[in-house]
$ cat data.txt   # compact mmCIF, C-alpha atoms
# COMPACT_ATOMS: atom_id res chain seq x y z
CA MET A 16 0.00 0.00 0.00
CA ILE A 17 1.00 3.62 -0.48
CA LYS A 18 2.22 5.14 2.78
CA THR A 19 0.82 8.48 3.84
CA PHE A 20 3.06 11.13 5.32
CA ALA A 21 0.64 13.34 7.20
CA LEU A 22 0.77 16.89 8.45
CA ALA A 23 -1.53 18.42 11.01
CA SER A 24 -1.86 22.16 11.36
CA SER A 25 -2.79 24.09 14.45
CA ALA A 26 -3.18 27.84 14.43
CA HIS A 27 -0.01 29.16 12.78
CA ARG A 28 2.20 26.13 13.04
CA ILE A 29 2.59 22.81 11.30
CA ILE A 30 3.49 19.65 13.17
CA PHE A 31 5.57 17.11 11.27
CA CYS A 32 6.59 13.57 11.91
CA PRO A 33 9.85 13.84 13.93
CA LYS A 34 12.18 13.13 11.05
CA TYR A 35 11.03 16.21 9.13
CA SER A 36 10.10 18.54 11.96
CA SER A 37 10.49 22.19 11.04
CA SER A 38 9.61 25.61 12.36
CA THR A 39 9.27 27.23 8.95
CA SER A 40 6.06 28.69 7.60
CA SER A 41 3.40 26.37 6.17
CA SER A 42 4.05 27.40 2.55
CA SER A 43 7.80 26.81 2.69
CA SER A 44 7.26 23.61 4.66
CA HIS A 45 4.88 22.48 1.97
CA ARG A 46 7.62 22.92 -0.62
CA ARG A 47 10.23 21.19 1.53
CA ILE A 48 8.08 18.15 2.04
CA LEU A 49 7.44 17.86 -1.68
CA ARG A 50 11.20 17.83 -2.26
CA PHE A 51 11.69 15.20 0.40
CA SER A 52 8.91 12.99 -0.90
CA THR A 53 9.82 13.13 -4.56
CA SER A 54 13.41 12.21 -3.81
CA ASP A 55 12.54 9.49 -1.34
CA ARG A 56 12.53 6.06 -2.96
CA ARG A 57 10.36 4.71 -0.17
CA ARG A 58 7.06 5.71 -1.69
CA ARG A 59 5.96 8.37 0.78
CA THR A 60 3.43 11.13 0.28
CA PHE A 61 2.95 14.50 1.77
CA SER A 62 -0.45 15.55 2.94
CA ALA A 63 -1.93 18.97 3.47
CA MET A 64 -4.66 17.76 5.75
CA ALA A 65 -5.57 19.61 8.88
CA GLY A 66 -7.26 17.73 11.71
CA GLU A 67 -10.93 17.60 10.82
CA GLU A 68 -10.74 19.24 7.41
CA LEU A 69 -13.53 18.18 5.10
CA VAL A 70 -11.57 18.46 1.85
CA LYS A 71 -8.26 16.69 2.12
CA ARG A 72 -5.38 16.52 -0.30
CA ASN A 73 -2.37 14.33 -0.94
CA VAL A 74 0.31 14.64 -3.58
CA TYR A 75 2.27 11.49 -4.37
CA PRO A 76 5.88 11.18 -5.57
CA ASN A 77 4.85 10.28 -9.12
CA GLY A 78 2.91 13.53 -9.47
CA VAL A 79 -0.61 12.25 -8.79
CA ALA A 80 -2.63 14.63 -6.63
CA VAL A 81 -5.69 13.35 -4.74
CA ILE A 82 -8.65 15.28 -3.34
CA THR A 83 -10.74 13.37 -0.79
CA LEU A 84 -14.13 14.66 0.35
CA ASP A 85 -14.51 13.69 4.01
CA ARG A 86 -17.86 14.86 5.33
CA THR A 87 -19.30 11.41 5.75
CA LYS A 88 -22.27 12.25 7.98
CA ALA A 89 -23.59 14.56 5.26
CA LEU A 90 -22.66 12.15 2.43
CA ASN A 91 -19.89 14.60 1.49
CA ALA A 92 -22.30 17.43 0.69
CA MET A 93 -20.32 20.57 -0.13
CA ASN A 94 -20.47 23.86 1.76
CA LEU A 95 -18.87 27.17 0.79
CA GLU A 96 -15.61 26.56 2.64
CA MET A 97 -15.25 23.18 0.94
CA ASP A 98 -15.92 24.70 -2.49
CA LEU A 99 -13.23 27.32 -2.03
CA LYS A 100 -10.66 24.89 -0.69
CA TYR A 101 -11.30 22.42 -3.51
CA LYS A 102 -10.78 25.09 -6.15
CA SER A 103 -7.65 26.43 -4.44
CA PHE A 104 -6.09 22.97 -4.66
CA LEU A 105 -6.93 22.65 -8.36
CA ASP A 106 -5.59 26.12 -9.13
CA GLU A 107 -2.34 25.41 -7.32
CA TRP A 108 -1.80 22.06 -9.00
CA GLU A 109 -2.67 23.24 -12.50
CA SER A 110 0.35 25.55 -12.52
CA ASP A 111 2.67 23.15 -10.67
CA PRO A 112 4.75 21.14 -13.20
CA ARG A 113 5.36 18.46 -10.59
CA VAL A 114 1.66 17.53 -10.54
CA LYS A 115 0.74 15.31 -13.50
CA CYS A 116 -2.93 14.49 -12.83
CA VAL A 117 -5.71 14.76 -10.25
CA ILE A 118 -7.95 12.09 -8.69
CA VAL A 119 -11.09 13.12 -6.78
CA GLU A 120 -12.92 10.72 -4.47
CA GLY A 121 -15.23 10.41 -1.49
CA SER A 122 -14.09 9.02 1.84
CA THR A 123 -16.93 6.49 2.04
CA PRO A 124 -18.35 3.96 -0.42
CA ARG A 125 -21.79 5.35 0.42
CA ALA A 126 -21.19 8.57 -1.49
CA PHE A 127 -18.84 10.50 -3.70
CA CYS A 128 -20.85 13.70 -3.08
CA ALA A 129 -24.58 14.08 -2.42
CA GLY A 130 -24.69 17.72 -3.57
CA MET A 131 -24.56 21.13 -1.96
CA ASP A 132 -25.44 22.00 1.63
CA ILE A 133 -29.07 22.79 0.76
CA LYS A 134 -30.44 23.11 4.29
CA GLY A 135 -27.70 25.55 5.29
CA VAL A 136 -28.39 27.85 2.35
CA ALA A 137 -32.17 27.69 2.83
CA ALA A 138 -31.81 28.53 6.52
CA GLU A 139 -29.75 31.63 5.75
CA ILE A 140 -32.30 32.81 3.18
CA GLN A 141 -35.06 32.39 5.77
CA LYS A 142 -33.14 34.70 8.09
CA ASP A 143 -32.27 37.26 5.43
CA LYS A 144 -33.32 37.22 1.78
CA ASN A 145 -30.37 39.48 0.99
CA THR A 146 -27.85 37.17 2.61
CA PRO A 147 -24.48 37.36 0.81
CA LEU A 148 -24.17 33.60 1.25
CA VAL A 149 -26.37 32.87 -1.79
CA PRO A 150 -24.24 34.61 -4.44
CA LYS A 151 -21.06 33.39 -2.72
CA VAL A 152 -22.15 29.75 -2.79
CA PHE A 153 -23.37 29.74 -6.37
CA ALA A 154 -20.36 31.73 -7.60
CA ALA A 155 -17.99 29.32 -5.84
CA GLU A 156 -19.76 26.26 -7.23
CA TYR A 157 -20.08 27.53 -10.78
CA THR A 158 -16.53 28.85 -11.12
CA LEU A 159 -15.30 25.52 -9.75
CA ILE A 160 -17.34 23.66 -12.39
CA CYS A 161 -15.82 25.77 -15.16
CA ALA A 162 -12.33 25.19 -13.74
CA ILE A 163 -12.92 21.42 -13.78
CA ALA A 164 -14.28 21.43 -17.34
CA GLY A 165 -11.28 23.36 -18.64
CA TYR A 166 -8.66 21.65 -16.48
CA LYS A 167 -5.39 21.24 -18.36
CA LYS A 168 -4.33 18.06 -16.60
CA PRO A 169 -6.07 14.67 -16.43
CA TYR A 170 -8.95 14.85 -13.95
CA ILE A 171 -10.25 11.49 -12.72
CA SER A 172 -13.49 11.27 -10.74
CA LEU A 173 -14.11 8.10 -8.72
CA MET A 174 -17.90 8.33 -8.57
CA ASP A 175 -18.50 5.49 -6.13
CA GLY A 176 -21.84 5.67 -4.29
CA ILE A 177 -24.30 8.56 -4.31
CA THR A 178 -23.36 11.24 -6.83
CA MET A 179 -26.14 13.81 -7.06
CA GLY A 180 -26.61 17.51 -7.73
CA PHE A 181 -23.32 19.31 -7.18
CA GLY A 182 -21.67 15.89 -6.91
CA LEU A 183 -22.32 15.62 -10.64
CA GLY A 184 -20.94 19.13 -11.02
CA LEU A 185 -17.65 18.00 -9.48
CA SER A 186 -17.45 14.87 -11.62
CA GLY A 187 -19.65 15.13 -14.70
CA HIS A 188 -17.58 17.86 -16.38
CA GLY A 189 -14.25 16.10 -15.80
CA ARG A 190 -12.36 14.10 -18.41
CA TYR A 191 -12.48 10.65 -16.78
CA ARG A 192 -15.64 9.63 -14.93
CA VAL A 193 -15.34 6.26 -13.22
CA ILE A 194 -18.54 4.61 -12.04
CA THR A 195 -19.14 1.40 -10.09
CA GLU A 196 -22.18 -0.80 -9.51
CA ARG A 197 -22.77 1.25 -6.34
CA THR A 198 -22.98 4.57 -8.21
CA VAL A 199 -26.33 6.38 -7.99
CA LEU A 200 -26.71 9.46 -10.19
CA ALA A 201 -29.55 11.98 -10.09
CA MET A 202 -30.57 15.63 -10.40
CA PRO A 203 -33.51 15.95 -7.97
CA GLU A 204 -33.62 19.76 -7.68
CA ASN A 205 -37.11 20.25 -9.15
CA GLY A 206 -38.43 18.34 -6.14
CA ILE A 207 -37.21 21.06 -3.78
CA GLY A 208 -38.38 24.00 -5.87
CA LEU A 209 -35.08 24.85 -7.58
CA PHE A 210 -33.93 23.57 -10.99
CA PRO A 211 -31.26 21.14 -12.23
CA ASP A 212 -28.22 23.42 -12.24
CA ILE A 213 -24.45 22.61 -12.09
CA GLY A 214 -24.30 22.82 -15.87
CA PHE A 215 -26.47 19.74 -16.22
CA SER A 216 -28.34 21.41 -19.08
CA TYR A 217 -25.03 21.38 -20.99
CA ILE A 218 -24.46 17.70 -20.18
CA ALA A 219 -28.07 16.99 -21.16
CA ALA A 220 -27.67 18.75 -24.52
CA HIS A 221 -24.91 16.27 -25.39
CA SER A 222 -26.89 13.23 -24.26
CA PRO A 223 -28.52 10.73 -26.65
CA GLY A 224 -31.67 11.57 -28.53
CA GLY A 225 -30.65 15.13 -29.30
CA GLY A 226 -30.58 15.93 -25.60
CA SER A 227 -33.93 14.29 -24.82
CA VAL A 228 -32.44 11.71 -22.45
CA GLY A 229 -30.79 14.43 -20.38
CA ALA A 230 -34.00 16.47 -20.38
CA TYR A 231 -35.87 13.41 -19.15
CA LEU A 232 -33.42 12.96 -16.27
CA GLY A 233 -33.48 16.65 -15.36
CA LEU A 234 -37.26 17.01 -15.43
CA THR A 235 -38.18 13.79 -13.62
CA GLY A 236 -35.22 13.52 -11.23
CA LYS A 237 -34.84 9.89 -12.36
CA ARG A 238 -32.07 8.01 -10.56
CA ILE A 239 -29.49 6.20 -12.67
CA SER A 240 -28.31 3.18 -10.70
CA THR A 241 -26.98 0.80 -13.34
CA PRO A 242 -23.55 1.16 -14.95
CA SER A 243 -24.96 0.49 -18.42
CA ASP A 244 -27.39 3.42 -18.19
CA ALA A 245 -24.72 5.72 -16.72
CA LEU A 246 -22.40 4.93 -19.64
CA PHE A 247 -25.19 5.23 -22.21
CA VAL A 248 -26.20 8.69 -20.99
CA GLY A 249 -22.56 9.80 -20.90
CA LEU A 250 -22.41 10.50 -17.17
CA GLY A 251 -19.69 7.87 -16.83
CA THR A 252 -16.78 7.12 -19.14
CA HIS A 253 -15.52 3.91 -17.51
CA TYR A 254 -17.13 1.17 -15.42
CA VAL A 255 -14.86 -0.32 -12.77
CA PRO A 256 -16.34 -2.90 -10.38
CA SER A 257 -16.10 -1.63 -6.79
CA GLU A 258 -13.82 -4.51 -5.75
CA LYS A 259 -11.26 -3.26 -8.27
CA LEU A 260 -11.48 0.42 -7.37
CA ALA A 261 -8.74 0.33 -4.72
CA SER A 262 -6.45 -1.54 -7.12
CA LEU A 263 -7.13 1.02 -9.85
CA LYS A 264 -6.23 3.86 -7.52
CA GLU A 265 -3.11 2.08 -6.32
CA ALA A 266 -2.04 1.48 -9.93
CA ILE A 267 -2.35 5.17 -10.77
CA LEU A 268 -0.56 6.24 -7.59
CA SER A 269 2.38 3.95 -8.36
CA ALA A 270 2.51 4.51 -12.13
CA ASN A 271 5.55 6.00 -13.77
CA LEU A 272 3.71 8.76 -15.63
CA SER A 273 5.19 9.91 -18.91
CA GLU A 274 5.15 13.32 -20.55
CA ASP A 275 1.69 12.36 -21.80
CA PRO A 276 -0.11 11.26 -18.62
CA ASN A 277 -3.42 11.00 -20.49
CA GLN A 278 -2.05 8.04 -22.42
CA ASP A 279 -0.95 6.37 -19.18
CA ILE A 280 -4.28 7.05 -17.44
CA GLN A 281 -6.29 5.71 -20.38
CA ALA A 282 -4.23 2.52 -20.45
CA THR A 283 -4.67 1.98 -16.71
CA LEU A 284 -8.42 2.66 -16.84
CA SER A 285 -8.79 0.22 -19.73
CA LYS A 286 -6.98 -2.45 -17.73
CA TYR A 287 -9.36 -2.20 -14.77
CA SER A 288 -12.59 -1.39 -16.61
CA GLY A 289 -15.19 -4.12 -16.96
CA ASN A 290 -18.16 -4.85 -19.16
CA THR A 291 -21.59 -4.04 -17.81
CA GLU A 292 -23.79 -7.04 -17.08
CA SER A 293 -26.77 -5.77 -19.05
CA GLU A 294 -27.73 -3.54 -21.93
CA ALA A 295 -28.76 0.02 -21.11
CA HIS A 296 -32.46 0.06 -20.24
CA LEU A 297 -32.72 3.68 -21.35
CA LYS A 298 -31.34 2.75 -24.76
CA SER A 299 -34.29 0.41 -25.33
CA LEU A 300 -36.62 3.29 -24.39
CA LEU A 301 -34.90 5.89 -26.55
CA PRO A 302 -37.75 6.24 -29.12
CA GLN A 303 -40.26 6.92 -26.35
CA ILE A 304 -37.92 9.30 -24.51
CA GLU A 305 -37.24 11.25 -27.70
CA SER A 306 -40.94 11.48 -28.43
CA ALA A 307 -41.95 12.66 -24.95
CA PHE A 308 -38.96 14.81 -23.94
CA SER A 309 -37.76 16.44 -27.17
CA ALA A 310 -36.74 20.09 -26.95
CA ASN A 311 -39.91 21.28 -28.70
CA LYS A 312 -42.26 19.65 -26.20
CA SER A 313 -43.79 21.73 -23.42
CA VAL A 314 -44.25 20.16 -19.98
CA LYS A 315 -47.98 19.83 -20.64
CA GLU A 316 -47.30 18.07 -23.96
CA THR A 317 -44.78 15.78 -22.27
CA ILE A 318 -47.37 14.76 -19.67
CA GLU A 319 -49.95 14.07 -22.37
CA GLU A 320 -47.43 11.95 -24.29
CA LEU A 321 -46.54 9.94 -21.19
CA LYS A 322 -50.21 9.25 -20.50
CA LYS A 323 -50.53 7.82 -24.01
CA TYR A 324 -47.56 5.55 -23.36
CA GLN A 325 -49.35 4.19 -20.29
CA GLN A 326 -51.69 2.51 -22.77
CA SER A 327 -48.79 0.72 -24.54
CA THR A 328 -48.84 -3.04 -25.01
CA ASP A 329 -45.20 -3.15 -23.91
CA PRO A 330 -45.06 -3.57 -20.08
CA SER A 331 -41.61 -1.94 -19.86
CA VAL A 332 -42.90 1.18 -21.66
CA VAL A 333 -45.95 1.32 -19.39
CA GLU A 334 -43.76 1.08 -16.29
CA TRP A 335 -41.37 3.75 -17.62
CA ALA A 336 -44.22 6.18 -18.41
CA LYS A 337 -45.79 5.61 -14.99
CA GLU A 338 -42.49 6.28 -13.22
CA ALA A 339 -41.77 9.37 -15.34
CA LEU A 340 -45.19 10.84 -14.50
CA LYS A 341 -44.56 10.22 -10.80
CA GLY A 342 -41.24 12.02 -11.11
CA LEU A 343 -42.89 15.03 -12.76
CA GLU A 344 -45.60 15.09 -10.08
CA LYS A 345 -42.92 15.58 -7.41
CA GLY A 346 -41.49 18.67 -9.08
CA ALA A 347 -42.60 22.23 -8.45
CA PRO A 348 -44.67 23.32 -11.48
CA PHE A 349 -42.65 26.53 -11.85
CA SER A 350 -39.41 24.54 -11.71
CA LEU A 351 -40.64 22.11 -14.36
CA TYR A 352 -41.63 24.94 -16.68
CA LEU A 353 -38.28 26.66 -16.15
CA THR A 354 -36.30 23.45 -16.63
CA GLN A 355 -38.03 22.59 -19.90
CA LYS A 356 -37.46 26.06 -21.31
CA TYR A 357 -33.87 26.30 -20.17
CA PHE A 358 -32.84 22.80 -21.30
CA SER A 359 -34.54 23.41 -24.64
CA ASN A 360 -32.59 26.65 -25.12
CA VAL A 361 -29.27 24.95 -24.37
CA ALA A 362 -30.05 21.94 -26.57
CA CYS A 363 -30.98 24.19 -29.49
CA ALA A 364 -27.77 26.22 -29.02
CA LYS A 365 -25.51 23.18 -29.39
CA GLY A 366 -23.02 23.64 -32.21
CA LYS A 367 -23.92 27.29 -32.82
CA ALA A 368 -20.75 29.25 -32.07
CA GLU A 369 -22.57 32.58 -32.03
CA ASN A 370 -24.89 31.43 -29.21
CA GLU A 371 -23.50 31.92 -25.70
CA LEU A 372 -25.35 28.81 -24.50
CA ALA A 373 -23.24 26.67 -26.86
CA THR A 374 -20.37 26.86 -24.33
CA LEU A 375 -20.30 25.68 -20.73
CA ASN A 376 -19.05 29.08 -19.53
CA GLY A 377 -21.99 30.76 -21.23
CA VAL A 378 -24.37 28.25 -19.70
CA MET A 379 -22.97 28.85 -16.22
CA LYS A 380 -23.29 32.63 -16.57
CA THR A 381 -26.96 32.22 -17.44
CA GLU A 382 -27.43 29.62 -14.72
CA TYR A 383 -26.02 32.00 -12.14
CA ARG A 384 -28.74 34.54 -12.93
CA ILE A 385 -31.42 31.87 -12.71
CA ALA A 386 -30.03 30.38 -9.48
CA LEU A 387 -29.83 33.69 -7.60
CA ARG A 388 -33.44 34.44 -8.41
CA SER A 389 -34.84 30.92 -8.06
CA ALA A 390 -33.35 30.51 -4.59
CA LEU A 391 -35.39 33.48 -3.36
CA ARG A 392 -38.72 32.12 -4.59
CA GLY A 393 -41.03 30.65 -1.97
CA ASP A 394 -40.96 27.25 -3.66
CA PHE A 395 -37.37 26.67 -2.57
CA ALA A 396 -38.07 27.24 1.13
CA GLU A 397 -41.23 25.13 0.87
CA GLY A 398 -39.46 22.32 -0.95
CA VAL A 399 -36.67 22.17 1.64
CA ARG A 400 -39.26 22.15 4.42
CA ALA A 401 -41.33 19.35 2.90
CA VAL A 402 -38.50 17.12 1.70
CA LEU A 403 -35.57 17.73 4.06
CA ILE A 404 -36.88 19.23 7.31
CA ASP A 405 -40.44 18.12 8.14
CA LYS A 406 -40.17 15.31 5.58
CA ASP A 407 -43.92 15.18 5.05
CA GLN A 408 -43.31 15.03 1.27
CA ASN A 409 -46.29 17.32 0.78
CA PRO A 410 -45.04 20.69 -0.50
CA LYS A 411 -47.52 23.46 -1.27
CA TRP A 412 -46.17 24.86 -4.52
CA ASN A 413 -46.97 28.32 -5.83
CA PRO A 414 -48.19 28.20 -8.53
CA ALA A 415 -49.89 24.86 -7.95
CA SER A 416 -49.99 23.74 -11.59
CA VAL A 417 -48.00 24.15 -14.79
CA GLU A 418 -50.99 25.87 -16.39
CA GLU A 419 -50.77 28.64 -13.78
CA VAL A 420 -47.09 29.45 -14.39
CA ASP A 421 -46.54 33.02 -15.59
CA GLU A 422 -44.20 32.80 -18.58
CA ASN A 423 -43.08 36.39 -18.00
CA GLU A 424 -41.85 35.43 -14.54
CA VAL A 425 -39.85 32.59 -16.05
CA GLU A 426 -38.39 34.86 -18.73
CA ALA A 427 -37.34 37.38 -16.08
CA LEU A 428 -34.98 34.82 -14.53
CA PHE A 429 -32.78 34.87 -17.63
CA LYS A 430 -32.29 38.62 -17.79
CA PRO A 431 -29.01 40.33 -16.82
CA LEU A 432 -28.62 41.00 -13.12
CA SER A 433 -29.56 44.41 -11.80
CA SER A 434 -26.95 47.09 -11.33
CA GLY A 435 -24.88 46.56 -8.24
CA VAL A 436 -25.04 42.77 -8.57
CA GLU A 437 -22.03 41.26 -10.33
CA GLU A 438 -22.45 38.71 -13.08
CA LEU A 439 -20.57 35.43 -12.80
CA LYS A 440 -16.92 35.84 -13.77
CA VAL A 441 -15.69 32.80 -15.69
$ encode --input "data.txt" --output "structure tokens"
Amino acid sequence: MIKTFALASSAHRIIFCPKYSSSTSSSSSHRRILRFSTSDRRRRTFSAMAGEELVKRNVYPNGVAVITLDRTKALNAMNLEMDLKYKSFLDEWESDPRVKCVIVEGSTPRAFCAGMDIKGVAAEIQKDKNTPLVPKVFAAEYTLICAIAGYKKPYISLMDGITMGFGLGLSGHGRYRVITERTVLAMPENGIGLFPDIGFSYIAAHSPGGGSVGAYLGLTGKRISTPSDALFVGLGTHYVPSEKLASLKEAILSANLSEDPNQDIQATLSKYSGNTESEAHLKSLLPQIESAFSANKSVKETIEELKKYQQSTDPSVVEWAKEALKGLEKGAPFSLYLTQKYFSNVACAKGKAENELATLNGVMKTEYRIALRSALRGDFAEGVRAVLIDKDQNPKWNPASVEEVDENEVEALFKPLSSGVEELKV
């Protein structure tokens, strides 16, 4: 096994293992330890972990850097401090020639990352609708997503366990997306009165069926829990059985990476990747998904189409339509209307260089406007109450039906922010 050479920080000092004890500042100590570890043939690592830190990092002698999310009680849900620390590590490593690639992982097989700290944000909004926390959180998340998507070095996400919401933001835009049979993927935001953000509209636009499969997942909150479906949709790039995950990581950490680490990573992933046990269920339903969730279908038309499919002679189609309708019923009507419009706009922009929504950065700028405004709507507070706090699963949405949604209110979410409020800088 790889040995870990750990540091613990307290106030303004860093405590080392006796052999390397030093009284220098943390930044210079950081550099010294890297020099020690890279020259040490006994495969040691240095670690910049502090006591109970929730985002931990290690850099190994062969130039592999590892981020570990360690907030197990919250299934590694991300808060603002975690967002900022995560991005600071990526920024530092991107410009460090000694770092060849980055692995990101969760500390528990239960979850890679379950999303953002929803309850914390909702509680702050309840106290003060003008809380600075809202723009800070969304700006931190969205700039981090853009940094991941444009990262210059190989970025490998080990998406073992629950990977939802912002968890998909941390992984779904990276180059290598490793799933296991324990991976559960979903975007359930409509069910709490928000919308599927984290650039999922961009991922959806590149999904099968001209973006219809991604729209289906975003609108219904459908959970993907089979490797074959995850690969078919494009949320995963490689399937590695969970019993091989530790060996895969060990192989990367001990690899002699060349000047082209991508080639080395691809070869290692191919070695440990397996074949899925079944064909993608969603692939067999692609004609129905395209028909019901195409970009030109309104939510009302989608519901009508699904009801028709409930009369199918194919039991699997009937079951799919029934489940999709249940998923839509859980979503806030305003959120459903918004999601359909937004995803349609992004899907239609694909490949059109002149359209800002054809790029992830452009999508995230628009999403930032929508997120700041959506978070202040009453549906968000009500959704959090019903699903996460009281857990009565009986939210009182306003408006109560898709037919009652004011299209002008939806359109207003897309408009530039008012003076005095900065747009997202990416």
$ atom_distance --input "data.txt" --atom1 "atom CA of Tyr166 of chain A" --atom2 "atom CA of Gly130 of chain A"
21.0 Å
$ atom_distance --input "data.txt" --atom1 "atom CA of Asp421 of chain A" --atom2 "atom CA of Gly208 of chain A"
15.6 Å
$ residues_around --input "data.txt" --residues "segment 147-151 of chain A" --least-positions-apart "6" --cutoff "8 Å" --atoms "all atoms listed in the file" --output "ChimeraX atom specification"
/A:95,136,139-140,387,390
$ residues_around --input "data.txt" --residues "segment 109-122 of chain A" --least-positions-apart "4" --cutoff "7 Å" --atoms "all atoms listed in the file" --output "MDAnalysis selection string"
chainID A and resid 78:85 87 91 105 126:128 167:174 276
$ atom_distance --input "data.txt" --atom1 "atom CA of Phe349 of chain A" --atom2 "atom CA of His188 of chain A"
26.9 Å
$ closest_residue --input "data.txt" --among "A:Arg392, A:Arg192, A:His221, A:Lys71" --to "Ala364 of chain A" --atoms "all atoms listed in the file"
A:His221
$ closest_residue --input "data.txt" --among "A:Lys440, A:Gly180, A:Asp244, A:Cys363" --to "Leu209 of chain A" --atoms "all atoms listed in the file"
A:Gly180
$ decode --input "data.txt" --residues "segment 146-158 of chain A" --atoms "N, CA, C and O atoms" --output "PDB file, in the first residue's frame"
ATOM      1  N   THR A 146     -29.080  37.749   2.074  1.00  0.00           N
ATOM      2  CA  THR A 146     -27.849  37.168   2.608  1.00  0.00           C
ATOM      3  C   THR A 146     -26.783  37.059   1.515  1.00  0.00           C
ATOM      4  O   THR A 146     -27.072  36.596   0.400  1.00  0.00           O
ATOM      5  N   PRO A 147     -25.564  37.476   1.800  1.00  0.00           N
ATOM      6  CA  PRO A 147     -24.481  37.365   0.811  1.00  0.00           C
ATOM      7  C   PRO A 147     -24.058  35.920   0.562  1.00  0.00           C
ATOM      8  O   PRO A 147     -23.313  35.641  -0.379  1.00  0.00           O
ATOM      9  N   LEU A 148     -24.558  34.990   1.403  1.00  0.00           N
ATOM     10  CA  LEU A 148     -24.168  33.597   1.248  1.00  0.00           C
ATOM     11  C   LEU A 148     -24.630  33.026  -0.090  1.00  0.00           C
ATOM     12  O   LEU A 148     -23.917  32.236  -0.715  1.00  0.00           O
ATOM     13  N   VAL A 149     -25.818  33.436  -0.558  1.00  0.00           N
ATOM     14  CA  VAL A 149     -26.372  32.866  -1.786  1.00  0.00           C
ATOM     15  C   VAL A 149     -25.474  33.133  -2.992  1.00  0.00           C
ATOM     16  O   VAL A 149     -25.046  32.194  -3.668  1.00  0.00           O
ATOM     17  N   PRO A 150     -25.147  34.400  -3.302  1.00  0.00           N
ATOM     18  CA  PRO A 150     -24.242  34.612  -4.444  1.00  0.00           C
ATOM     19  C   PRO A 150     -22.859  34.007  -4.224  1.00  0.00           C
ATOM     20  O   PRO A 150     -22.226  33.539  -5.180  1.00  0.00           O
ATOM     21  N   LYS A 151     -22.383  33.984  -2.981  1.00  0.00           N
ATOM     22  CA  LYS A 151     -21.065  33.393  -2.717  1.00  0.00           C
ATOM     23  C   LYS A 151     -21.047  31.901  -3.021  1.00  0.00           C
ATOM     24  O   LYS A 151     -20.111  31.388  -3.644  1.00  0.00           O
ATOM     25  N   VAL A 152     -22.093  31.201  -2.582  1.00  0.00           N
ATOM     26  CA  VAL A 152     -22.149  29.752  -2.792  1.00  0.00           C
ATOM     27  C   VAL A 152     -22.258  29.418  -4.276  1.00  0.00           C
ATOM     28  O   VAL A 152     -21.500  28.593  -4.796  1.00  0.00           O
ATOM     29  N   PHE A 153     -23.194  30.070  -4.963  1.00  0.00           N
ATOM     30  CA  PHE A 153     -23.371  29.745  -6.375  1.00  0.00           C
ATOM     31  C   PHE A 153     -22.160  30.168  -7.211  1.00  0.00           C
ATOM     32  O   PHE A 153     -21.764  29.463  -8.146  1.00  0.00           O
ATOM     33  N   ALA A 154     -21.559  31.299  -6.873  1.00  0.00           N
ATOM     34  CA  ALA A 154     -20.362  31.727  -7.603  1.00  0.00           C
ATOM     35  C   ALA A 154     -19.220  30.737  -7.382  1.00  0.00           C
ATOM     36  O   ALA A 154     -18.499  30.378  -8.324  1.00  0.00           O
ATOM     37  N   ALA A 155     -19.061  30.280  -6.143  1.00  0.00           N
ATOM     38  CA  ALA A 155     -17.991  29.323  -5.838  1.00  0.00           C
ATOM     39  C   ALA A 155     -18.217  28.005  -6.572  1.00  0.00           C
ATOM     40  O   ALA A 155     -17.283  27.432  -7.151  1.00  0.00           O
ATOM     41  N   GLU A 156     -19.455  27.518  -6.556  1.00  0.00           N
ATOM     42  CA  GLU A 156     -19.757  26.257  -7.233  1.00  0.00           C
ATOM     43  C   GLU A 156     -19.550  26.366  -8.736  1.00  0.00           C
ATOM     44  O   GLU A 156     -18.920  25.506  -9.364  1.00  0.00           O
ATOM     45  N   TYR A 157     -20.083  27.427  -9.320  1.00  0.00           N
ATOM     46  CA  TYR A 157     -20.083  27.525 -10.785  1.00  0.00           C
ATOM     47  C   TYR A 157     -18.699  27.827 -11.355  1.00  0.00           C
ATOM     48  O   TYR A 157     -18.348  27.335 -12.427  1.00  0.00           O
ATOM     49  N   THR A 158     -17.908  28.625 -10.646  1.00  0.00           N
ATOM     50  CA  THR A 158     -16.532  28.854 -11.118  1.00  0.00           C
ATOM     51  C   THR A 158     -15.704  27.578 -10.966  1.00  0.00           C
ATOM     52  O   THR A 158     -14.823  27.297 -11.793  1.00  0.00           O
TER      53      THR A 158
END
